[in-house]
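To be precise, the following lines are input-v8.txt, and they hold compact mmCIF, N, CA and C atoms and all ligand atoms.
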```txt
# COMPACT_ATOMS: atom_id res chain seq x y z
N MET A 28 -16.98 -54.89 38.62
CA MET A 28 -16.12 -53.70 38.67
C MET A 28 -16.58 -52.69 37.64
N SER A 29 -16.61 -51.46 38.05
CA SER A 29 -17.04 -50.41 37.14
C SER A 29 -15.89 -50.02 36.22
N PRO A 30 -16.09 -49.99 34.90
CA PRO A 30 -15.00 -49.72 33.96
C PRO A 30 -14.40 -48.33 34.10
N ASP A 31 -15.15 -47.39 34.62
CA ASP A 31 -14.65 -46.01 34.66
C ASP A 31 -13.99 -45.64 35.97
N SER A 32 -14.14 -46.48 36.96
CA SER A 32 -13.79 -46.02 38.30
C SER A 32 -12.35 -45.54 38.41
N GLY A 33 -11.40 -46.23 37.82
CA GLY A 33 -10.00 -45.82 37.97
C GLY A 33 -9.60 -44.75 36.99
N SER A 34 -10.07 -44.84 35.74
CA SER A 34 -9.54 -44.00 34.67
C SER A 34 -9.95 -42.53 34.80
N ARG A 35 -11.08 -42.27 35.39
CA ARG A 35 -11.54 -40.87 35.50
C ARG A 35 -10.50 -39.97 36.12
N GLN A 36 -9.83 -40.51 37.16
CA GLN A 36 -8.90 -39.65 37.90
C GLN A 36 -7.64 -39.35 37.10
N ASN A 37 -7.27 -40.26 36.18
CA ASN A 37 -6.06 -40.04 35.39
C ASN A 37 -6.29 -39.09 34.22
N PHE A 38 -7.54 -38.92 33.87
CA PHE A 38 -7.85 -38.10 32.70
C PHE A 38 -7.92 -36.66 33.12
N ARG A 39 -6.88 -35.92 32.88
CA ARG A 39 -6.83 -34.52 33.32
C ARG A 39 -7.32 -33.61 32.20
N VAL A 40 -8.31 -32.86 32.55
CA VAL A 40 -8.85 -31.92 31.56
C VAL A 40 -8.20 -30.57 31.79
N ILE A 41 -7.57 -30.05 30.79
CA ILE A 41 -7.00 -28.70 30.91
C ILE A 41 -8.15 -27.71 30.74
N PRO A 42 -8.31 -26.82 31.69
CA PRO A 42 -9.46 -25.89 31.61
C PRO A 42 -9.47 -25.13 30.29
N ARG A 43 -10.62 -25.11 29.63
CA ARG A 43 -10.75 -24.42 28.36
C ARG A 43 -10.33 -22.95 28.45
N SER A 44 -10.71 -22.35 29.55
CA SER A 44 -10.46 -20.92 29.66
C SER A 44 -8.97 -20.60 29.64
N ARG A 45 -8.13 -21.59 30.05
CA ARG A 45 -6.69 -21.32 30.05
C ARG A 45 -6.04 -21.69 28.72
N LEU A 46 -6.56 -22.72 28.04
CA LEU A 46 -5.87 -23.21 26.85
C LEU A 46 -6.40 -22.59 25.56
N ARG A 47 -7.70 -22.57 25.38
CA ARG A 47 -8.27 -22.28 24.08
C ARG A 47 -7.93 -20.90 23.50
N PRO A 48 -8.06 -19.82 24.26
CA PRO A 48 -7.84 -18.52 23.60
C PRO A 48 -6.43 -18.41 23.05
N ALA A 49 -5.44 -18.88 23.82
CA ALA A 49 -4.06 -18.77 23.34
C ALA A 49 -3.85 -19.64 22.12
N ALA A 50 -4.40 -20.86 22.13
CA ALA A 50 -4.22 -21.76 20.99
C ALA A 50 -4.88 -21.17 19.75
N ALA A 51 -6.09 -20.66 19.91
CA ALA A 51 -6.80 -20.11 18.76
C ALA A 51 -6.05 -18.92 18.18
N THR A 52 -5.51 -18.10 19.04
CA THR A 52 -4.79 -16.92 18.56
C THR A 52 -3.56 -17.32 17.77
N SER A 53 -2.81 -18.30 18.27
CA SER A 53 -1.58 -18.65 17.56
C SER A 53 -1.90 -19.35 16.24
N ILE A 54 -2.96 -20.15 16.19
CA ILE A 54 -3.35 -20.78 14.92
C ILE A 54 -3.73 -19.70 13.91
N ALA A 55 -4.50 -18.72 14.35
CA ALA A 55 -4.89 -17.64 13.45
C ALA A 55 -3.67 -16.87 12.95
N ALA A 56 -2.71 -16.67 13.83
CA ALA A 56 -1.50 -15.94 13.43
C ALA A 56 -0.72 -16.72 12.39
N VAL A 57 -0.59 -18.03 12.60
CA VAL A 57 0.14 -18.86 11.64
C VAL A 57 -0.57 -18.84 10.30
N LEU A 58 -1.90 -18.96 10.31
CA LEU A 58 -2.66 -18.95 9.05
C LEU A 58 -2.50 -17.61 8.34
N ALA A 59 -2.54 -16.53 9.10
CA ALA A 59 -2.42 -15.20 8.49
C ALA A 59 -1.08 -15.05 7.80
N VAL A 60 -0.02 -15.50 8.46
CA VAL A 60 1.31 -15.41 7.86
C VAL A 60 1.38 -16.30 6.62
N ALA A 61 0.83 -17.51 6.70
CA ALA A 61 0.87 -18.43 5.56
C ALA A 61 0.14 -17.83 4.36
N PHE A 62 -1.02 -17.24 4.61
CA PHE A 62 -1.77 -16.63 3.50
C PHE A 62 -1.02 -15.45 2.91
N ALA A 63 -0.41 -14.65 3.79
CA ALA A 63 0.33 -13.49 3.30
C ALA A 63 1.47 -13.93 2.40
N ILE A 64 2.17 -14.98 2.80
CA ILE A 64 3.28 -15.48 1.98
C ILE A 64 2.74 -16.04 0.66
N ALA A 65 1.64 -16.80 0.76
CA ALA A 65 1.10 -17.42 -0.46
C ALA A 65 0.70 -16.34 -1.47
N PHE A 66 0.01 -15.31 -1.01
CA PHE A 66 -0.47 -14.30 -1.96
C PHE A 66 0.66 -13.41 -2.44
N ALA A 67 1.62 -13.13 -1.59
CA ALA A 67 2.76 -12.34 -2.04
C ALA A 67 3.54 -13.12 -3.08
N GLY A 68 3.66 -14.41 -2.88
CA GLY A 68 4.43 -15.26 -3.78
C GLY A 68 3.82 -15.37 -5.16
N CYS A 69 2.48 -15.38 -5.24
CA CYS A 69 1.87 -15.60 -6.55
C CYS A 69 1.82 -14.30 -7.34
N GLY A 70 2.14 -13.18 -6.73
CA GLY A 70 2.25 -11.93 -7.49
C GLY A 70 0.93 -11.41 -8.01
N GLY A 71 -0.16 -11.72 -7.36
CA GLY A 71 -1.46 -11.17 -7.77
C GLY A 71 -2.06 -11.96 -8.92
N GLY A 72 -2.55 -11.24 -9.93
CA GLY A 72 -3.21 -11.93 -11.03
C GLY A 72 -4.70 -12.06 -10.78
N GLY A 73 -5.26 -11.15 -10.02
CA GLY A 73 -6.69 -11.15 -9.81
C GLY A 73 -7.12 -11.83 -8.54
N GLY A 74 -6.21 -12.29 -7.75
CA GLY A 74 -6.56 -12.91 -6.49
C GLY A 74 -7.04 -11.87 -5.50
N PRO A 75 -7.45 -12.30 -4.31
CA PRO A 75 -7.98 -11.36 -3.33
C PRO A 75 -6.91 -10.56 -2.62
N SER A 76 -5.70 -10.55 -3.14
CA SER A 76 -4.65 -9.78 -2.49
C SER A 76 -4.81 -8.29 -2.81
N GLU A 77 -4.05 -7.49 -2.13
CA GLU A 77 -4.05 -6.05 -2.37
C GLU A 77 -3.72 -5.77 -3.84
N PRO A 78 -4.49 -4.91 -4.53
CA PRO A 78 -4.21 -4.67 -5.95
C PRO A 78 -2.82 -4.10 -6.15
N ARG A 79 -2.17 -4.52 -7.23
CA ARG A 79 -0.85 -3.99 -7.57
C ARG A 79 -1.00 -2.57 -8.12
N SER A 80 0.12 -1.87 -8.20
CA SER A 80 0.08 -0.53 -8.78
C SER A 80 -0.15 -0.64 -10.28
N GLY A 81 -0.62 0.46 -10.89
CA GLY A 81 -0.83 0.47 -12.32
C GLY A 81 0.45 0.16 -13.08
N ALA A 82 1.57 0.70 -12.60
CA ALA A 82 2.84 0.46 -13.28
C ALA A 82 3.22 -1.02 -13.24
N ALA A 83 3.01 -1.65 -12.08
CA ALA A 83 3.36 -3.07 -11.95
C ALA A 83 2.46 -3.93 -12.83
N ILE A 84 1.18 -3.62 -12.86
CA ILE A 84 0.24 -4.39 -13.69
C ILE A 84 0.64 -4.24 -15.15
N TYR A 85 0.94 -3.00 -15.56
CA TYR A 85 1.31 -2.77 -16.95
C TYR A 85 2.56 -3.58 -17.32
N ALA A 86 3.59 -3.52 -16.47
CA ALA A 86 4.85 -4.21 -16.76
C ALA A 86 4.64 -5.71 -16.87
N GLN A 87 3.78 -6.26 -16.02
CA GLN A 87 3.61 -7.71 -15.98
C GLN A 87 2.60 -8.21 -17.00
N THR A 88 1.64 -7.35 -17.40
CA THR A 88 0.50 -7.87 -18.16
C THR A 88 0.39 -7.28 -19.56
N CYS A 89 0.83 -6.05 -19.76
CA CYS A 89 0.55 -5.34 -21.00
C CYS A 89 1.80 -5.06 -21.82
N ALA A 90 2.96 -4.96 -21.15
CA ALA A 90 4.17 -4.48 -21.83
C ALA A 90 4.62 -5.42 -22.94
N THR A 91 4.32 -6.71 -22.83
CA THR A 91 4.75 -7.65 -23.88
C THR A 91 4.17 -7.24 -25.22
N CYS A 92 2.96 -6.71 -25.24
CA CYS A 92 2.32 -6.33 -26.50
C CYS A 92 2.42 -4.84 -26.79
N HIS A 93 2.35 -4.02 -25.74
CA HIS A 93 2.30 -2.56 -25.97
C HIS A 93 3.65 -1.89 -25.75
N GLY A 94 4.68 -2.67 -25.38
CA GLY A 94 6.01 -2.10 -25.18
C GLY A 94 6.20 -1.60 -23.76
N VAL A 95 7.42 -1.73 -23.23
CA VAL A 95 7.65 -1.34 -21.83
C VAL A 95 7.34 0.13 -21.60
N ASP A 96 7.56 0.97 -22.61
CA ASP A 96 7.27 2.39 -22.47
C ASP A 96 6.02 2.79 -23.25
N GLY A 97 5.20 1.81 -23.61
CA GLY A 97 3.99 2.10 -24.36
C GLY A 97 4.25 2.47 -25.81
N GLN A 98 5.44 2.09 -26.31
CA GLN A 98 5.81 2.47 -27.68
C GLN A 98 5.13 1.60 -28.72
N GLY A 99 4.46 0.54 -28.28
CA GLY A 99 3.76 -0.33 -29.23
C GLY A 99 4.60 -1.54 -29.59
N GLY A 100 3.94 -2.49 -30.22
CA GLY A 100 4.57 -3.74 -30.62
C GLY A 100 3.49 -4.55 -31.32
N VAL A 101 3.06 -5.63 -30.67
CA VAL A 101 1.90 -6.37 -31.18
C VAL A 101 0.66 -5.46 -31.10
N GLY A 102 0.55 -4.75 -29.97
CA GLY A 102 -0.54 -3.79 -29.79
C GLY A 102 -0.07 -2.40 -30.18
N PRO A 103 -1.01 -1.49 -30.37
CA PRO A 103 -0.64 -0.13 -30.79
C PRO A 103 0.09 0.64 -29.70
N ALA A 104 0.87 1.66 -30.12
CA ALA A 104 1.47 2.59 -29.17
C ALA A 104 0.36 3.29 -28.38
N LEU A 105 0.67 3.63 -27.15
CA LEU A 105 -0.36 4.21 -26.28
C LEU A 105 -0.28 5.73 -26.21
N LYS A 106 0.64 6.31 -26.98
CA LYS A 106 0.73 7.78 -26.99
C LYS A 106 -0.58 8.36 -27.50
N GLY A 107 -1.09 9.32 -26.76
CA GLY A 107 -2.34 9.96 -27.16
C GLY A 107 -3.58 9.12 -26.86
N VAL A 108 -3.41 8.07 -26.06
CA VAL A 108 -4.55 7.18 -25.82
C VAL A 108 -5.71 7.92 -25.13
N ALA A 109 -5.37 8.87 -24.26
CA ALA A 109 -6.44 9.60 -23.56
C ALA A 109 -7.22 10.50 -24.52
N ASP A 110 -6.58 10.91 -25.65
CA ASP A 110 -7.30 11.69 -26.65
C ASP A 110 -8.26 10.79 -27.44
N ARG A 111 -7.84 9.55 -27.66
CA ARG A 111 -8.71 8.61 -28.38
C ARG A 111 -9.87 8.14 -27.50
N TYR A 112 -9.65 8.15 -26.19
CA TYR A 112 -10.71 7.75 -25.24
C TYR A 112 -10.90 8.88 -24.24
N PRO A 113 -11.56 9.96 -24.65
CA PRO A 113 -11.72 11.10 -23.73
C PRO A 113 -12.44 10.70 -22.44
N ASP A 114 -13.36 9.76 -22.55
CA ASP A 114 -14.03 9.24 -21.36
C ASP A 114 -13.28 7.99 -20.90
N ILE A 115 -12.72 8.06 -19.70
CA ILE A 115 -11.91 6.94 -19.20
C ILE A 115 -12.71 5.64 -19.19
N ALA A 116 -14.02 5.74 -19.06
CA ALA A 116 -14.86 4.54 -19.02
C ALA A 116 -14.75 3.74 -20.32
N ASP A 117 -14.53 4.45 -21.45
CA ASP A 117 -14.40 3.74 -22.73
C ASP A 117 -13.10 2.94 -22.80
N GLN A 118 -12.04 3.52 -22.23
CA GLN A 118 -10.77 2.79 -22.24
C GLN A 118 -10.83 1.62 -21.26
N ILE A 119 -11.50 1.82 -20.13
CA ILE A 119 -11.70 0.73 -19.18
C ILE A 119 -12.48 -0.40 -19.85
N ALA A 120 -13.47 -0.04 -20.67
CA ALA A 120 -14.26 -1.06 -21.36
C ALA A 120 -13.41 -1.86 -22.34
N VAL A 121 -12.47 -1.18 -23.04
CA VAL A 121 -11.57 -1.86 -23.98
C VAL A 121 -10.75 -2.92 -23.24
N VAL A 122 -10.18 -2.53 -22.09
CA VAL A 122 -9.31 -3.45 -21.36
C VAL A 122 -10.16 -4.56 -20.71
N THR A 123 -11.35 -4.20 -20.26
CA THR A 123 -12.21 -5.18 -19.61
C THR A 123 -12.71 -6.23 -20.61
N ASN A 124 -13.17 -5.75 -21.76
CA ASN A 124 -13.86 -6.64 -22.70
C ASN A 124 -13.02 -7.04 -23.91
N GLY A 125 -11.92 -6.30 -24.15
CA GLY A 125 -11.10 -6.57 -25.33
C GLY A 125 -11.80 -6.14 -26.60
N PHE A 126 -11.05 -6.13 -27.70
CA PHE A 126 -11.64 -5.94 -29.04
C PHE A 126 -10.58 -6.32 -30.05
N GLY A 127 -10.97 -6.81 -31.20
CA GLY A 127 -9.99 -7.23 -32.20
C GLY A 127 -9.01 -8.23 -31.59
N ARG A 128 -7.72 -7.92 -31.69
CA ARG A 128 -6.70 -8.81 -31.13
C ARG A 128 -6.31 -8.41 -29.71
N MET A 129 -6.95 -7.39 -29.17
CA MET A 129 -6.70 -6.99 -27.78
C MET A 129 -7.50 -7.92 -26.87
N PRO A 130 -6.79 -8.67 -25.98
CA PRO A 130 -7.51 -9.63 -25.12
C PRO A 130 -8.37 -8.94 -24.07
N ALA A 131 -9.42 -9.62 -23.62
CA ALA A 131 -10.23 -9.15 -22.49
C ALA A 131 -9.54 -9.52 -21.19
N PHE A 132 -9.58 -8.58 -20.23
CA PHE A 132 -8.89 -8.83 -18.96
C PHE A 132 -9.86 -8.96 -17.78
N ARG A 133 -11.16 -9.01 -18.05
CA ARG A 133 -12.10 -9.09 -16.92
C ARG A 133 -11.92 -10.38 -16.13
N GLY A 134 -11.39 -11.43 -16.76
CA GLY A 134 -11.19 -12.69 -16.05
C GLY A 134 -9.90 -12.74 -15.25
N SER A 135 -8.93 -11.87 -15.57
CA SER A 135 -7.64 -11.98 -14.91
C SER A 135 -7.27 -10.76 -14.08
N LEU A 136 -7.94 -9.63 -14.27
CA LEU A 136 -7.68 -8.45 -13.45
C LEU A 136 -8.99 -8.03 -12.79
N SER A 137 -8.88 -7.52 -11.56
CA SER A 137 -10.07 -6.99 -10.89
C SER A 137 -10.42 -5.63 -11.50
N ALA A 138 -11.62 -5.16 -11.25
CA ALA A 138 -12.04 -3.84 -11.75
C ALA A 138 -11.09 -2.76 -11.24
N GLU A 139 -10.65 -2.90 -9.99
CA GLU A 139 -9.72 -1.92 -9.41
C GLU A 139 -8.38 -1.96 -10.14
N GLU A 140 -7.89 -3.14 -10.47
CA GLU A 140 -6.61 -3.26 -11.18
C GLU A 140 -6.73 -2.68 -12.59
N ILE A 141 -7.85 -2.93 -13.25
CA ILE A 141 -8.04 -2.38 -14.60
C ILE A 141 -8.06 -0.86 -14.54
N ARG A 142 -8.75 -0.30 -13.55
CA ARG A 142 -8.78 1.16 -13.44
C ARG A 142 -7.38 1.71 -13.20
N ARG A 143 -6.61 1.05 -12.36
CA ARG A 143 -5.25 1.52 -12.07
C ARG A 143 -4.36 1.48 -13.31
N VAL A 144 -4.42 0.38 -14.06
CA VAL A 144 -3.53 0.27 -15.21
C VAL A 144 -3.96 1.24 -16.31
N VAL A 145 -5.25 1.47 -16.43
CA VAL A 145 -5.74 2.44 -17.42
C VAL A 145 -5.28 3.85 -17.04
N GLU A 146 -5.35 4.19 -15.76
CA GLU A 146 -4.88 5.51 -15.32
C GLU A 146 -3.37 5.64 -15.58
N TYR A 147 -2.64 4.57 -15.35
CA TYR A 147 -1.19 4.60 -15.61
C TYR A 147 -0.93 4.84 -17.10
N GLU A 148 -1.66 4.14 -17.97
CA GLU A 148 -1.48 4.34 -19.41
C GLU A 148 -1.77 5.78 -19.81
N ARG A 149 -2.83 6.34 -19.25
CA ARG A 149 -3.23 7.69 -19.65
C ARG A 149 -2.24 8.75 -19.17
N THR A 150 -1.75 8.57 -17.93
CA THR A 150 -0.91 9.63 -17.36
C THR A 150 0.57 9.43 -17.67
N GLU A 151 1.06 8.19 -17.64
CA GLU A 151 2.50 7.96 -17.78
C GLU A 151 2.90 7.60 -19.21
N LEU A 152 2.05 6.90 -19.94
CA LEU A 152 2.42 6.40 -21.27
C LEU A 152 1.74 7.17 -22.39
N GLY A 153 0.57 7.74 -22.10
CA GLY A 153 -0.21 8.35 -23.17
C GLY A 153 0.10 9.81 -23.40
N ALA A 154 0.88 10.42 -22.51
CA ALA A 154 1.12 11.86 -22.60
C ALA A 154 2.01 12.19 -23.80
C1 LIG A 201 -1.66 -10.17 -26.61
C2 LIG A 201 -1.22 -8.80 -26.82
C3 LIG A 201 -1.85 -7.73 -25.96
C4 LIG A 201 -1.79 -7.62 -24.59
C5 LIG A 201 -1.18 -8.58 -23.58
C6 LIG A 201 -2.46 -6.38 -24.26
N1 LIG A 201 -2.90 -5.76 -25.39
FE1 LIG A 201 -3.89 -4.02 -25.49
N2 LIG A 201 -4.09 -4.22 -27.49
C7 LIG A 201 -3.55 -5.25 -28.24
C8 LIG A 201 -3.93 -5.08 -29.64
C9 LIG A 201 -3.51 -6.00 -30.78
C10 LIG A 201 -4.72 -3.92 -29.70
C11 LIG A 201 -5.40 -3.34 -30.92
C12 LIG A 201 -6.66 -4.16 -31.14
C13 LIG A 201 -7.17 -4.03 -32.58
O1 LIG A 201 -7.14 -2.92 -33.12
O2 LIG A 201 -7.60 -5.08 -33.11
C14 LIG A 201 -4.79 -3.39 -28.33
C15 LIG A 201 -5.45 -2.24 -27.97
C16 LIG A 201 -5.43 -1.68 -26.72
C17 LIG A 201 -6.00 -0.41 -26.36
C18 LIG A 201 -6.65 0.56 -27.31
C19 LIG A 201 -5.56 1.43 -27.87
C20 LIG A 201 -6.04 2.45 -28.86
O3 LIG A 201 -5.27 3.39 -29.09
O4 LIG A 201 -7.14 2.30 -29.39
C21 LIG A 201 -5.78 -0.21 -25.03
C22 LIG A 201 -6.18 0.98 -24.19
C23 LIG A 201 -5.08 -1.37 -24.56
N3 LIG A 201 -4.89 -2.25 -25.58
C24 LIG A 201 -4.70 -1.56 -23.24
C25 LIG A 201 -4.10 -2.71 -22.77
C26 LIG A 201 -3.82 -2.94 -21.37
C27 LIG A 201 -4.14 -2.01 -20.24
C28 LIG A 201 -3.24 -4.16 -21.31
C29 LIG A 201 -2.79 -4.90 -20.06
C30 LIG A 201 -3.76 -5.09 -19.02
C31 LIG A 201 -3.14 -4.68 -22.65
N4 LIG A 201 -3.69 -3.76 -23.50
C32 LIG A 201 -2.60 -5.90 -22.96
C33 LIG A 201 -2.78 -6.28 -27.77
C34 LIG A 201 -2.54 -6.56 -26.45
```
Please re-express this file's structure in C-alpha cells.
Amino acid sequence: MSPDSGSRQNFRVIPRSRLRPAAATSIAAVLAVAFAIAFAGCGGGGGPSEPRSGAAIYAQTCATCHGVDGQGGVGPALKGVADRYPDIADQIAVVTNGFGRMPAFRGSLSAEEIRRVVEYERTELGA
C-alpha cells in the first residue's frame, strides 16, 4: 500500500494568492502599531522615533541643571547664550561634546535633537 494514497486528498492547500497578501498586510499593520506604541511609550531619548521639539527635549534633559526657564542651577543661566556663542555651531559642539561639568549628549540625543534644543535655548531662553 502506498503511504500517500489516501492522505493527499485530505490535505487542502489554501491558494497562496488568496491567503498570503491579506495575512502579510495584517501582520505588518500589527507590527507598525506595536512599534508606534513602543516608541511613543519610551519618550524618545535618541531612538529612531520622530525627534521631540526643542522645548520638550530641554524640559526632559536640560532643565534639571539649567532651570525650567533657563535661569540656571547646577549649570549656568542661559540668558545671553547666543551672544556667548555667536556661531550656533559652537553651542551645538558644547552640547554634543560637553565641557567641564556639562555632560556630552552625543550618545543620548541625535544631531537633529541637539540642533532643536540649542535653537530653543537661543530663541526662548537666551533672549
Ligand atoms: C548635569 C547637569 C547638566 C545638564 C543635565 C545639562 N547641562 Fe549644560 N551645563 C552644565 C554645566 C555645569 C555647565 C557649565 C560647564 C562648566 O563651565 O564647567 C553647562 C554649560 C552649558 C552650556 C554653555 C553655557 C554658557 O553660557 O557657556 C550650554 C549651551 C549648555 N550647557 C546646554 C545644555 C543643554 C542643551 C542641555 C540639555 C540637552 C544641558 N546643557 C544639560 C550642566 C548641565
Is it possible to get the axis-aligned box enclosing range 138-147 of chain A (all listed atoms, 6 Å extra per side) as JSON, with centre and edge lengths in Å rounded to one decimal?
```
{"center_x": -6.5, "center_y": 0.2, "center_z": -13.4, "size_x": 23.1, "size_y": 22.8, "size_z": 20.0}
```
Step by step, measure atom-to-atom distances between ligand LIG 201 (chain A) and each residue using only N, CA and C atoms and all ligand atoms, keep those at most 6.5 Å, then write them as a list in words.
Ile84, Tyr85, Thr88, Cys89, Ala90, Thr91, Cys92, His93, Val101, Gly102, Pro103, Ala104, Leu105, Gly107, Val108, Arg111, Gln118, Val121, Val122, Phe126, Gly127, Arg128, Met129, Pro130, Phe132, Val144 and Val145 of chain A
Å distance separating atom C of Thr123 in chain A from atom C of Ile141 in chain A, one decimal place:
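Computed distance, atom C of Thr123 in chain A to atom C of Ile141 in chain A, equals 9.3 Å.
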So, with only N, CA and C atoms as the atoms that count, which of A:Gly97, A:Glu146, A:Ala83, A:Leu136 lies closest to Ile115 in chain A?
A:Glu146
Quick one, how far is CA of Pro113 in chain A from CA of Gly153 in chain A?
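Distance reported for this atom pair: 11.8 Å.
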Calculate how many Å separate CA of Ala154 in chain A from CA of Lys106 in chain A, rounding to one decimal.
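Pair CA of Ala154 in chain A / CA of Lys106 in chain A returns 6.0 Å.
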Could you give me, as a list in words, the residues within 8 Å of Arg143 in chain A, counting only N, CA and C atoms and dropping anything in the same chain fewer than 6 positions from it?
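Contacts, with the query itself left out: Arg79, Ser80, Gly81, Ala82, Ile84, Tyr85, Ser137 and Arg149 of chain A.
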